[in-house]
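> Have a peek at data-v1.pdb (PDB, C-alpha atoms and all ligand atoms).
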```
ATOM      1  CA  MET A  10     -23.808-101.067 -29.367
ATOM      2  CA  ILE A  11     -21.978 -98.039 -28.029
ATOM      3  CA  TRP A  12     -20.376 -97.546 -24.638
ATOM      4  CA  LEU A  13     -21.539 -94.085 -23.579
ATOM      5  CA  ASN A  14     -20.565 -92.522 -20.259
ATOM      6  CA  GLY A  15     -20.288 -95.882 -18.540
ATOM      7  CA  THR A  16     -23.251 -97.719 -20.053
ATOM      8  CA  LEU A  17     -23.697 -99.933 -23.110
ATOM      9  CA  VAL A  18     -26.527 -98.582 -25.230
ATOM     10  CA  ARG A  19     -27.878 -99.240 -28.671
ATOM     11  CA  GLY A  20     -26.423 -96.869 -31.265
ATOM     12  CA  GLU A  21     -29.766 -95.203 -31.944
ATOM     13  CA  ASP A  22     -30.239 -94.591 -28.210
ATOM     14  CA  ALA A  23     -26.779 -93.077 -27.686
ATOM     15  CA  MET A  24     -27.698 -89.462 -26.938
ATOM     16  CA  LEU A  25     -25.434 -86.529 -26.256
ATOM     17  CA  SER A  26     -26.834 -83.274 -24.841
ATOM     18  CA  VAL A  27     -27.080 -80.445 -27.352
ATOM     19  CA  TRP A  28     -25.422 -78.336 -24.612
ATOM     20  CA  ASP A  29     -22.324 -80.521 -24.738
ATOM     21  CA  ARG A  30     -19.513 -78.509 -26.332
ATOM     22  CA  GLY A  31     -18.608 -81.596 -28.334
ATOM     23  CA  ALA A  32     -22.008 -81.462 -30.017
ATOM     24  CA  ARG A  33     -22.204 -77.659 -30.335
ATOM     25  CA  ASP A  34     -18.748 -76.420 -31.166
ATOM     26  CA  GLY A  35     -16.549 -79.277 -32.332
ATOM     27  CA  GLY A  36     -15.135 -79.375 -28.800
ATOM     28  CA  ALA A  37     -14.098 -83.000 -28.687
ATOM     29  CA  ILE A  38     -11.032 -85.129 -29.220
ATOM     30  CA  PHE A  39     -10.836 -88.730 -30.333
ATOM     31  CA  THR A  40      -8.548 -91.523 -31.295
ATOM     32  CA  THR A  41      -9.050 -94.329 -33.776
ATOM     33  CA  LEU A  42      -7.212 -97.586 -33.218
ATOM     34  CA  ARG A  43      -7.200-101.074 -34.590
ATOM     35  CA  CYS A  44      -7.941-104.260 -32.641
ATOM     36  CA  TYR A  45      -6.348-107.501 -33.748
ATOM     37  CA  GLY A  46      -7.863-110.700 -32.343
ATOM     38  CA  GLY A  47      -9.708-108.662 -29.732
ATOM     39  CA  GLU A  48      -6.590-106.767 -28.558
ATOM     40  CA  PRO A  49      -6.183-103.046 -29.178
ATOM     41  CA  PHE A  50      -2.762-102.362 -30.719
ATOM     42  CA  ALA A  51      -0.527 -99.614 -29.276
ATOM     43  CA  TRP A  52      -3.166 -98.954 -26.625
ATOM     44  CA  GLN A  53      -0.919 -96.950 -24.326
ATOM     45  CA  ARG A  54       0.245 -94.680 -27.139
ATOM     46  CA  HIS A  55      -3.329 -93.916 -28.176
ATOM     47  CA  LEU A  56      -4.372 -93.206 -24.598
ATOM     48  CA  GLU A  57      -1.307 -91.072 -24.012
ATOM     49  CA  ARG A  58      -2.111 -88.868 -27.018
ATOM     50  CA  LEU A  59      -5.745 -88.571 -25.922
ATOM     51  CA  VAL A  60      -4.907 -87.687 -22.321
ATOM     52  CA  LEU A  61      -2.157 -85.218 -23.293
ATOM     53  CA  SER A  62      -4.518 -83.466 -25.722
ATOM     54  CA  ALA A  63      -7.247 -83.353 -23.076
ATOM     55  CA  ALA A  64      -4.828 -81.734 -20.634
ATOM     56  CA  GLU A  65      -3.326 -79.303 -23.138
ATOM     57  CA  LEU A  66      -6.747 -78.205 -24.398
ATOM     58  CA  GLY A  67      -8.219 -77.775 -20.915
ATOM     59  CA  PHE A  68     -10.739 -80.610 -21.110
ATOM     60  CA  PRO A  69     -12.281 -82.148 -18.007
ATOM     61  CA  VAL A  70     -10.379 -85.286 -16.971
ATOM     62  CA  PRO A  71     -11.369 -88.151 -19.306
ATOM     63  CA  PRO A  72     -12.334 -91.576 -17.946
ATOM     64  CA  GLY A  73      -9.249 -93.502 -16.820
ATOM     65  CA  PRO A  74      -7.419 -95.894 -19.168
ATOM     66  CA  ALA A  75      -8.705 -98.977 -17.305
ATOM     67  CA  VAL A  76     -12.312 -97.805 -17.672
ATOM     68  CA  LEU A  77     -11.829 -97.163 -21.401
ATOM     69  CA  ARG A  78     -10.048-100.487 -21.851
ATOM     70  CA  ASP A  79     -13.010-102.315 -20.258
ATOM     71  CA  ALA A  80     -15.310-100.279 -22.485
ATOM     72  CA  VAL A  81     -13.444-101.509 -25.589
ATOM     73  CA  THR A  82     -13.773-105.116 -24.413
ATOM     74  CA  ALA A  83     -17.488-104.631 -23.723
ATOM     75  CA  VAL A  84     -18.197-103.059 -27.119
ATOM     76  CA  LEU A  85     -16.225-105.709 -29.012
ATOM     77  CA  ALA A  86     -18.098-108.457 -27.147
ATOM     78  CA  ALA A  87     -21.476-106.816 -27.731
ATOM     79  CA  GLU A  88     -20.724-106.487 -31.449
ATOM     80  CA  GLY A  89     -19.146-109.945 -31.722
ATOM     81  CA  LEU A  90     -15.980-108.380 -33.190
ATOM     82  CA  ARG A  91     -12.316-109.310 -32.763
ATOM     83  CA  ASP A  92     -10.688-107.524 -35.706
ATOM     84  CA  ALA A  93     -12.126-104.061 -35.638
ATOM     85  CA  VAL A  94     -11.624-100.331 -35.793
ATOM     86  CA  VAL A  95     -12.365 -98.722 -32.443
ATOM     87  CA  ARG A  96     -12.966 -95.035 -31.933
ATOM     88  CA  ILE A  97     -12.842 -93.357 -28.522
ATOM     89  CA  THR A  98     -14.314 -89.857 -28.333
ATOM     90  CA  VAL A  99     -14.112 -87.452 -25.399
ATOM     91  CA  THR A 100     -16.008 -84.146 -25.399
ATOM     92  CA  ARG A 101     -15.520 -80.982 -23.337
ATOM     93  CA  GLY A 102     -18.872 -81.635 -21.701
ATOM     94  CA  VAL A 103     -21.527 -79.095 -20.753
ATOM     95  CA  ALA A 104     -20.118 -75.703 -19.771
ATOM     96  CA  GLY A 105     -20.948 -74.153 -16.439
ATOM     97  CA  GLY A 106     -21.901 -77.223 -14.426
ATOM     98  CA  ARG A 107     -19.689 -78.294 -11.538
ATOM     99  CA  PRO A 108     -17.993 -80.622 -11.843
ATOM    100  CA  VAL A 109     -17.819 -80.491 -15.631
ATOM    101  CA  ARG A 110     -17.688 -84.021 -16.993
ATOM    102  CA  THR A 111     -16.673 -85.109 -20.446
ATOM    103  CA  GLY A 112     -19.104 -86.896 -22.669
ATOM    104  CA  SER A 113     -17.250 -90.081 -23.606
ATOM    105  CA  TRP A 114     -18.097 -92.897 -25.896
ATOM    106  CA  VAL A 115     -16.476 -95.954 -27.448
ATOM    107  CA  GLU A 116     -17.639 -97.520 -30.697
ATOM    108  CA  ALA A 117     -16.362-100.421 -32.812
ATOM    109  CA  GLU A 118     -16.732-101.254 -36.463
ATOM    110  CA  ALA A 119     -15.754-104.283 -38.548
ATOM    111  CA  MET A 120     -12.531-103.806 -40.529
ATOM    112  CA  GLY A 121     -14.144-104.520 -43.896
ATOM    113  CA  GLY A 122     -15.445-101.098 -44.839
ATOM    114  CA  ARG A 123     -12.491 -99.205 -43.407
ATOM    115  CA  LEU A 124      -9.643-100.447 -45.574
ATOM    116  CA  TRP A 125      -8.652 -98.291 -48.532
ATOM    117  CA  ALA A 126      -8.519 -99.986 -51.930
ATOM    118  CA  GLY A 127      -4.709 -99.789 -51.890
ATOM    119  CA  THR A 128      -4.615-101.646 -48.557
ATOM    120  CA  ARG A 129      -7.345-104.161 -49.388
ATOM    121  CA  GLN A 130      -6.048-105.148 -52.819
ATOM    122  CA  THR A 131      -2.905-107.242 -52.797
ATOM    123  CA  ASP A 132       0.002-107.697 -55.168
ATOM    124  CA  ALA A 133       1.636-110.952 -56.280
ATOM    125  CA  SER A 134       3.583-111.211 -52.989
ATOM    126  CA  GLY A 135       0.380-110.895 -50.918
ATOM    127  CA  GLY A 136       1.302-107.413 -49.643
ATOM    128  CA  PRO A 137      -0.869-104.329 -50.115
ATOM    129  CA  LEU A 138      -1.058-103.177 -53.722
ATOM    130  CA  GLY A 139      -0.305 -99.627 -52.577
ATOM    131  CA  ALA A 140      -2.138 -96.326 -52.447
ATOM    132  CA  ARG A 141      -3.002 -93.940 -55.201
ATOM    133  CA  VAL A 142      -2.713 -90.435 -53.784
ATOM    134  CA  MET A 143      -3.291 -86.898 -54.983
ATOM    135  CA  PHE A 144      -2.437 -83.431 -53.730
ATOM    136  CA  SER A 145      -5.410 -81.630 -52.226
ATOM    137  CA  ARG A 146      -6.143 -78.546 -54.303
ATOM    138  CA  VAL A 147      -6.933 -76.446 -51.239
ATOM    139  CA  PRO A 148      -3.864 -74.926 -49.509
ATOM    140  CA  PHE A 149      -3.829 -76.297 -45.956
ATOM    141  CA  ALA A 150      -2.857 -74.282 -42.866
ATOM    142  CA  PRO A 151      -3.870 -76.372 -39.858
ATOM    143  CA  GLY A 152      -2.504 -74.083 -37.117
ATOM    144  CA  TRP A 153      -1.522 -75.485 -33.739
ATOM    145  CA  LEU A 154      -4.759 -77.469 -33.383
ATOM    146  CA  GLY A 155      -3.446 -79.724 -36.153
ATOM    147  CA  ARG A 156      -1.339 -81.406 -33.455
ATOM    148  CA  HIS A 157      -4.519 -82.681 -31.781
ATOM    149  CA  LYS A 158      -7.029 -85.194 -33.099
ATOM    150  CA  THR A 159     -10.101 -83.035 -32.633
ATOM    151  CA  THR A 160     -13.570 -83.587 -34.047
ATOM    152  CA  SER A 161     -13.301 -80.186 -35.789
ATOM    153  CA  ARG A 162     -12.512 -82.114 -38.926
ATOM    154  CA  LEU A 163     -14.275 -80.359 -41.740
ATOM    155  CA  ALA A 164     -11.069 -79.307 -43.524
ATOM    156  CA  TYR A 165      -9.701 -82.878 -43.345
ATOM    157  CA  ASP A 166     -13.028 -84.408 -44.385
ATOM    158  CA  LEU A 167     -13.292 -82.122 -47.403
ATOM    159  CA  ALA A 168      -9.805 -83.202 -48.483
ATOM    160  CA  ARG A 169     -10.833 -86.842 -48.076
ATOM    161  CA  GLU A 170     -13.845 -86.151 -50.248
ATOM    162  CA  GLU A 171     -11.569 -84.658 -52.917
ATOM    163  CA  ALA A 172      -9.706 -87.979 -52.886
ATOM    164  CA  ARG A 173     -12.905 -89.971 -53.077
ATOM    165  CA  ALA A 174     -14.196 -87.868 -55.964
ATOM    166  CA  ALA A 175     -10.906 -88.433 -57.809
ATOM    167  CA  GLY A 176     -11.134 -92.187 -57.148
ATOM    168  CA  VAL A 177      -7.862 -92.317 -55.185
ATOM    169  CA  ASP A 178      -7.051 -93.487 -51.657
ATOM    170  CA  GLU A 179      -5.715 -90.352 -50.009
ATOM    171  CA  ALA A 180      -5.244 -86.603 -50.467
ATOM    172  CA  LEU A 181      -1.958 -85.059 -49.343
ATOM    173  CA  LEU A 182      -2.303 -81.698 -47.611
ATOM    174  CA  VAL A 183       0.032 -78.995 -48.899
ATOM    175  CA  SER A 184       0.745 -75.765 -47.004
ATOM    176  CA  PRO A 185       0.413 -72.367 -48.709
ATOM    177  CA  THR A 186       4.219 -72.345 -49.082
ATOM    178  CA  GLY A 187       4.299 -75.711 -50.850
ATOM    179  CA  GLU A 188       5.265 -78.012 -47.960
ATOM    180  CA  VAL A 189       3.559 -81.387 -47.963
ATOM    181  CA  LEU A 190       2.324 -81.849 -44.398
ATOM    182  CA  GLU A 191       0.469 -85.171 -44.136
ATOM    183  CA  GLY A 192      -2.474 -86.993 -45.620
ATOM    184  CA  ALA A 193      -6.057 -86.102 -44.743
ATOM    185  CA  ALA A 194      -5.999 -89.196 -42.499
ATOM    186  CA  SER A 195      -2.385 -90.351 -42.498
ATOM    187  CA  ASN A 196       1.212 -89.293 -41.939
ATOM    188  CA  LEU A 197       3.719 -89.079 -44.771
ATOM    189  CA  PHE A 198       7.144 -90.667 -45.193
ATOM    190  CA  VAL A 199       9.579 -90.160 -48.050
ATOM    191  CA  VAL A 200      12.560 -92.394 -48.782
ATOM    192  CA  LEU A 201      15.424 -90.475 -50.378
ATOM    193  CA  PRO A 202      17.616 -92.049 -53.073
ATOM    194  CA  ASN A 203      20.358 -92.472 -50.382
ATOM    195  CA  GLY A 204      17.948 -94.587 -48.287
ATOM    196  CA  GLU A 205      17.258 -91.982 -45.595
ATOM    197  CA  LEU A 206      13.691 -91.577 -44.359
ATOM    198  CA  ILE A 207      12.131 -88.146 -44.041
ATOM    199  CA  THR A 208       8.837 -87.277 -42.374
ATOM    200  CA  PRO A 209       7.429 -83.769 -41.809
ATOM    201  CA  PRO A 210       8.185 -82.440 -38.307
ATOM    202  CA  LEU A 211       5.524 -82.084 -35.629
ATOM    203  CA  ASP A 212       6.153 -78.327 -35.447
ATOM    204  CA  SER A 213       4.574 -78.057 -38.887
ATOM    205  CA  ASP A 214       1.351 -78.869 -37.014
ATOM    206  CA  VAL A 215       0.859 -82.380 -38.329
ATOM    207  CA  LEU A 216      -0.874 -84.955 -36.165
ATOM    208  CA  PRO A 217       1.598 -86.885 -33.971
ATOM    209  CA  GLY A 218       0.440 -90.170 -35.458
ATOM    210  CA  VAL A 219       0.812 -93.227 -33.261
ATOM    211  CA  THR A 220       1.829 -95.246 -36.314
ATOM    212  CA  ARG A 221       4.274 -92.523 -37.419
ATOM    213  CA  ARG A 222       6.174 -92.802 -34.143
ATOM    214  CA  ILE A 223       6.151 -96.609 -34.151
ATOM    215  CA  VAL A 224       7.435 -96.673 -37.740
ATOM    216  CA  MET A 225      10.205 -94.218 -36.807
ATOM    217  CA  GLU A 226      11.223 -96.554 -33.978
ATOM    218  CA  LEU A 227      11.077 -99.662 -36.178
ATOM    219  CA  ALA A 228      13.188 -97.940 -38.831
ATOM    220  CA  ALA A 229      15.746 -96.775 -36.257
ATOM    221  CA  ALA A 230      15.931-100.332 -34.857
ATOM    222  CA  ARG A 231      16.979-101.440 -38.344
ATOM    223  CA  GLY A 232      19.684 -98.801 -38.411
ATOM    224  CA  MET A 233      17.873 -96.643 -40.923
ATOM    225  CA  VAL A 234      18.380 -92.895 -40.694
ATOM    226  CA  VAL A 235      15.067 -91.142 -39.999
ATOM    227  CA  ARG A 236      14.850 -87.359 -40.052
ATOM    228  CA  GLU A 237      11.964 -85.053 -39.265
ATOM    229  CA  GLN A 238      12.187 -82.239 -41.776
ATOM    230  CA  PRO A 239       9.903 -80.335 -44.133
ATOM    231  CA  VAL A 240       9.050 -82.051 -47.405
ATOM    232  CA  ALA A 241       8.677 -79.736 -50.399
ATOM    233  CA  ARG A 242       6.093 -80.776 -52.930
ATOM    234  CA  GLU A 243       8.719 -80.981 -55.715
ATOM    235  CA  ALA A 244      10.954 -83.187 -53.531
ATOM    236  CA  LEU A 245       8.303 -85.906 -53.635
ATOM    237  CA  ARG A 246       8.874 -86.353 -57.340
ATOM    238  CA  ALA A 247      12.531 -87.153 -56.733
ATOM    239  CA  ALA A 248      11.798 -89.614 -53.908
ATOM    240  CA  ALA A 249      12.891 -93.227 -54.164
ATOM    241  CA  GLU A 250       9.711 -94.250 -52.341
ATOM    242  CA  VAL A 251       6.763 -92.638 -50.642
ATOM    243  CA  PHE A 252       4.484 -94.207 -48.036
ATOM    244  CA  VAL A 253       1.743 -93.178 -45.640
ATOM    245  CA  THR A 254       0.855 -94.509 -42.199
ATOM    246  CA  ASN A 255      -2.136 -94.675 -39.933
ATOM    247  CA  SER A 256      -3.525 -97.036 -37.330
ATOM    248  CA  VAL A 257      -6.027 -98.642 -39.692
ATOM    249  CA  GLN A 258      -4.100 -98.835 -43.000
ATOM    250  CA  GLU A 259      -0.814 -99.554 -41.146
ATOM    251  CA  VAL A 260       2.195 -98.861 -43.435
ATOM    252  CA  LEU A 261       0.952 -98.272 -46.953
ATOM    253  CA  PRO A 262       3.274 -97.819 -49.948
ATOM    254  CA  VAL A 263       2.238 -95.136 -52.421
ATOM    255  CA  ARG A 264       2.198 -96.523 -55.942
ATOM    256  CA  GLU A 265       0.786 -93.502 -57.733
ATOM    257  CA  LEU A 266       1.264 -89.837 -56.881
ATOM    258  CA  ALA A 267      -0.773 -87.199 -58.712
ATOM    259  CA  GLY A 268      -1.097 -89.546 -61.671
ATOM    260  CA  ALA A 269       2.605 -90.479 -61.858
ATOM    261  CA  VAL A 270       3.907 -93.952 -61.021
ATOM    262  CA  VAL A 271       6.045 -94.104 -57.853
ATOM    263  CA  PRO A 272       8.867 -96.680 -57.721
ATOM    264  CA  VAL A 273       8.128-100.034 -56.072
ATOM    265  CA  SER A 274       8.396 -99.678 -52.345
ATOM    266  CA  THR A 275      10.872-101.959 -50.612
ATOM    267  CA  VAL A 276      11.530 -99.895 -47.471
ATOM    268  CA  ALA A 277       7.792 -99.553 -46.785
ATOM    269  CA  ARG A 278       7.294-103.270 -47.261
ATOM    270  CA  THR A 279      10.120-104.046 -44.841
ATOM    271  CA  LEU A 280       8.663-101.678 -42.247
ATOM    272  CA  LEU A 281       5.185-103.099 -42.784
ATOM    273  CA  ALA A 282       6.543-106.584 -42.105
ATOM    274  CA  ASP A 283       8.189-105.278 -38.899
ATOM    275  CA  TYR A 284       4.943-103.557 -37.901
ATOM    276  CA  ARG A 285       2.922-106.725 -38.432
ATOM    277  CA  ALA A 286       5.492-108.718 -36.491
ATOM    278  CA  ALA A 287       5.042-106.274 -33.610
ATOM    279  CA  VAL A 288       1.269-106.755 -33.848
ATOM    280  CA  THR A 289       1.607-110.547 -33.856
ATOM    281  CA  ALA A 290       3.984-110.419 -30.909
ATOM    282  CA  GLY A 291       1.561-108.134 -29.051
ATOM    283  CA  ARG A 292       4.355-105.589 -28.538
ATOM    284  CA  ALA A 293       3.150-102.994 -26.087
ATOM    285  CA  PHE A 294       4.887 -99.766 -27.245
ATOM    286  CA  ALA A 295       4.587 -98.217 -23.816
TER     287      ALA A 295
HETATM  288  C1  LIG B 301      -4.707 -85.925 -40.173
HETATM  289  C2  LIG B 301      -4.169 -87.251 -39.710
HETATM  290  N1  LIG B 301      -2.830 -87.459 -39.732
HETATM  291  C3  LIG B 301      -2.299 -88.628 -39.329
HETATM  292  C4  LIG B 301      -3.092 -89.691 -38.905
HETATM  293  C5  LIG B 301      -2.453 -90.993 -38.467
HETATM  294  O1  LIG B 301      -2.536 -91.137 -37.076
HETATM  295  P1  LIG B 301      -2.411 -92.553 -36.336
HETATM  296  O2  LIG B 301      -1.138 -93.187 -36.803
HETATM  297  O3  LIG B 301      -2.369 -92.196 -34.893
HETATM  298  O4  LIG B 301      -3.596 -93.362 -36.715
HETATM  299  C6  LIG B 301      -4.479 -89.526 -38.863
HETATM  300  C7  LIG B 301      -5.336 -90.615 -38.406
HETATM  301  O5  LIG B 301      -6.495 -90.684 -38.693
HETATM  302  C8  LIG B 301      -5.031 -88.269 -39.265
HETATM  303  O6  LIG B 301      -6.350 -88.064 -39.243
END
```
Let me see whether you can do it: turn the structure in this file into structure tokens.
Ligand SMILES: Cc1ncc(COP(=O)(O)O)c(C=O)c1O

Amino acid sequence: MIWLNGTLVRGEDAMLSVWDRGARDGGAIFTTLRCYGGEPFAWQRHLERLVLSAAELGFPVPPGPAVLRDAVTAVLAAEGLRDAVVRITVTRGVAGGRPVRTGSWVEAEAMGGRLWAGTRQTDASGGPLGARVMFSRVPFAPGWLGRHKTTSRLAYDLAREEARAAGVDEALLVSPTGEVLEGAASNLFVVLPNGELITPPLDSDVLPGVTRRIVMELAAARGMVVREQPVAREALRAAAEVFVTNSVQEVLPVRELAGAVVPVSTVARTLLADYRAAVTAGRAFA
């Protein structure tokens, strides 16, 4: 069941006009979040990113947060899900009409199929085994739209398919000048030998990941130094640890990078424990 423009409909009956710019031209934005025990985590942060993107990109006003929150509850109930991945999509609607309304829908999926092997498989301590990642072979230049989670995702999807074809969890996107920007569906963190955390800055047109920001806050609360600065591809080889973040995989240590073993991740595991504690406590992250 899908919530579409205010109504619950069966997936196969969920129709969007071919005149909708979301259907025609990739003119839509979305967010993907995880629900734990029926509760969306970091709800306000996800809605904030969606609403800010809608405003910055000149979209019609999306449905209000309370409407979307009720939609999530309705879809979870209809699907009988409590632990789930929820996606909220908002299109630019049909051009020309007045008022122009977005096309909006909310869908939910069981966690099972969405976890990467490195998240799903566990090590002796019960934590995630860790991701195997590669560098995408295609130089990546997202431009300013990279800061928005749009449905114009072909470049990201092709990088994900490179990863799938190579049998690894994630492909890291590297700029034409050799900066590692982010994963095809995750943000990147590097732990330097002195313990400092580095993550590529938002002005390199990476997605302002909800998990990225939460992890930066959790690290700062532990007194760790976190800096936003460019990460050169060669610098990754000298890193003490590498990890990636997103709302579904949470905080995922990288255990293999372009075929080379990456040291065991203790900082990532600490931050994952903090993240899960925040989930369990239902911390709001307003
Ligand atoms: C390109 C890209 N970067 C980063 C992320 C992580 O974002 P978030 O933490 O908000 O899930 C995603 C999420 O899918 C993504 O697609």
> Using only C-alpha atoms, which of A:Thr254, A:Ser213, A:Ser26, A:Ser195 sits nearest A:Lys158?
A:Ser195
> What lies within 7 Å of stretch 176-180 of chain A using all atoms listed in the file, ignoring chain neighbours under 2 positions off, as JSON, numbers by chain?
{"A": [125, 126, 127, 140, 141, 142, 143, 144, 145, 168, 169, 172, 173, 174, 182, 192, 193]}
> Applied to the shown file, which residues does the PyMOL selection byres (((not hetatm)) within 8 of (chain B and resi 301)) return, written as a PyMOL selection string?
chain A and resi 40-42+55+155+158+165+191-196+215-222+254-257+259
> Evaluated on this file, the PyMOL selection byres (((chain A and resi 45) around 9) and not hetatm) picks out some residues - which ones are they, written as a list of chain:residue names?
A:Arg43, A:Cys44, A:Gly46, A:Gly47, A:Glu48, A:Pro49, A:Phe50, A:Arg91, A:Asp92, A:Ala93, A:Val288, A:Thr289
> Go through A:Leu245, A:Leu281, A:Leu17, A:Leu190 and flag the residue nearest A:Pro148, using all atoms listed in the file for the distances.
A:Leu190
> Find the axis-aligned box for stretch 221-236 of chain A, covering all its listed atoms and adding 4 Å on each side, and write its centre and edge lengths in Å to one decimal as lines of an AutoDock Vina configuration file.

```
center_x = 12.0
center_y = -94.4
center_z = -37.5
size_x = 23.4
size_y = 22.1
size_z = 14.9
```
> Mind giving me the straight-line distance from atom CA of A:Ala295 to atom CA of A:Leu56 in Å, one decimal?
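Atom-to-atom, atom CA of A:Ala295 and atom CA of A:Leu56 are spaced 10.3 Å apart.
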> For a quick check of understanding, using all atoms listed in the file, which of A:Ser161, A:Gln130, A:Thr16, A:Ser113 has the smallest distance to A:Val99?
A:Ser113
> For a quick check of understanding, using all atoms listed in the file, which of A:Thr100, A:Gly67, A:Leu77, A:Ala23 has the smallest distance to A:Ile38?
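Result for the nearest residue to A:Ile38: A:Thr100.
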> Mind checking which residues fall within 10 Å of A:Ala87, counting all atoms listed in the file, ignoring those fewer than 2 positions away in the same chain, and posting them as a PDB file with C-alpha atoms, in the frame of the given file?

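Final file, result26.pdb:
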```pdb
ATOM      1  CA  MET A  10     -23.808-101.067 -29.367  1.00  0.00           C
ATOM      2  CA  ILE A  11     -21.978 -98.039 -28.029  1.00  0.00           C
ATOM      3  CA  TRP A  12     -20.376 -97.546 -24.638  1.00  0.00           C
ATOM      4  CA  LEU A  17     -23.697 -99.933 -23.110  1.00  0.00           C
ATOM      5  CA  VAL A  18     -26.527 -98.582 -25.230  1.00  0.00           C
ATOM      6  CA  ARG A  19     -27.878 -99.240 -28.671  1.00  0.00           C
ATOM      7  CA  VAL A  81     -13.444-101.509 -25.589  1.00  0.00           C
ATOM      8  CA  THR A  82     -13.773-105.116 -24.413  1.00  0.00           C
ATOM      9  CA  ALA A  83     -17.488-104.631 -23.723  1.00  0.00           C
ATOM     10  CA  VAL A  84     -18.197-103.059 -27.119  1.00  0.00           C
ATOM     11  CA  LEU A  85     -16.225-105.709 -29.012  1.00  0.00           C
ATOM     12  CA  GLY A  89     -19.146-109.945 -31.722  1.00  0.00           C
ATOM     13  CA  LEU A  90     -15.980-108.380 -33.190  1.00  0.00           C
ATOM     14  CA  ALA A 117     -16.362-100.421 -32.812  1.00  0.00           C
TER      15      ALA A 117
END
```
> What does the distance between atom CA of A:Thr159 and atom CA of A:Val224 come to in Å, to one decimal place?
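Atom CA of A:Val224 lies 22.8 Å from atom CA of A:Thr159.
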> Identify all residues satisfying the PyMOL selection byres (((chain A and resi 200) around 7) and not hetatm) in the given file; provide them as number ranges by chain.
A: 198-199, 201-202, 204-207, 248-251
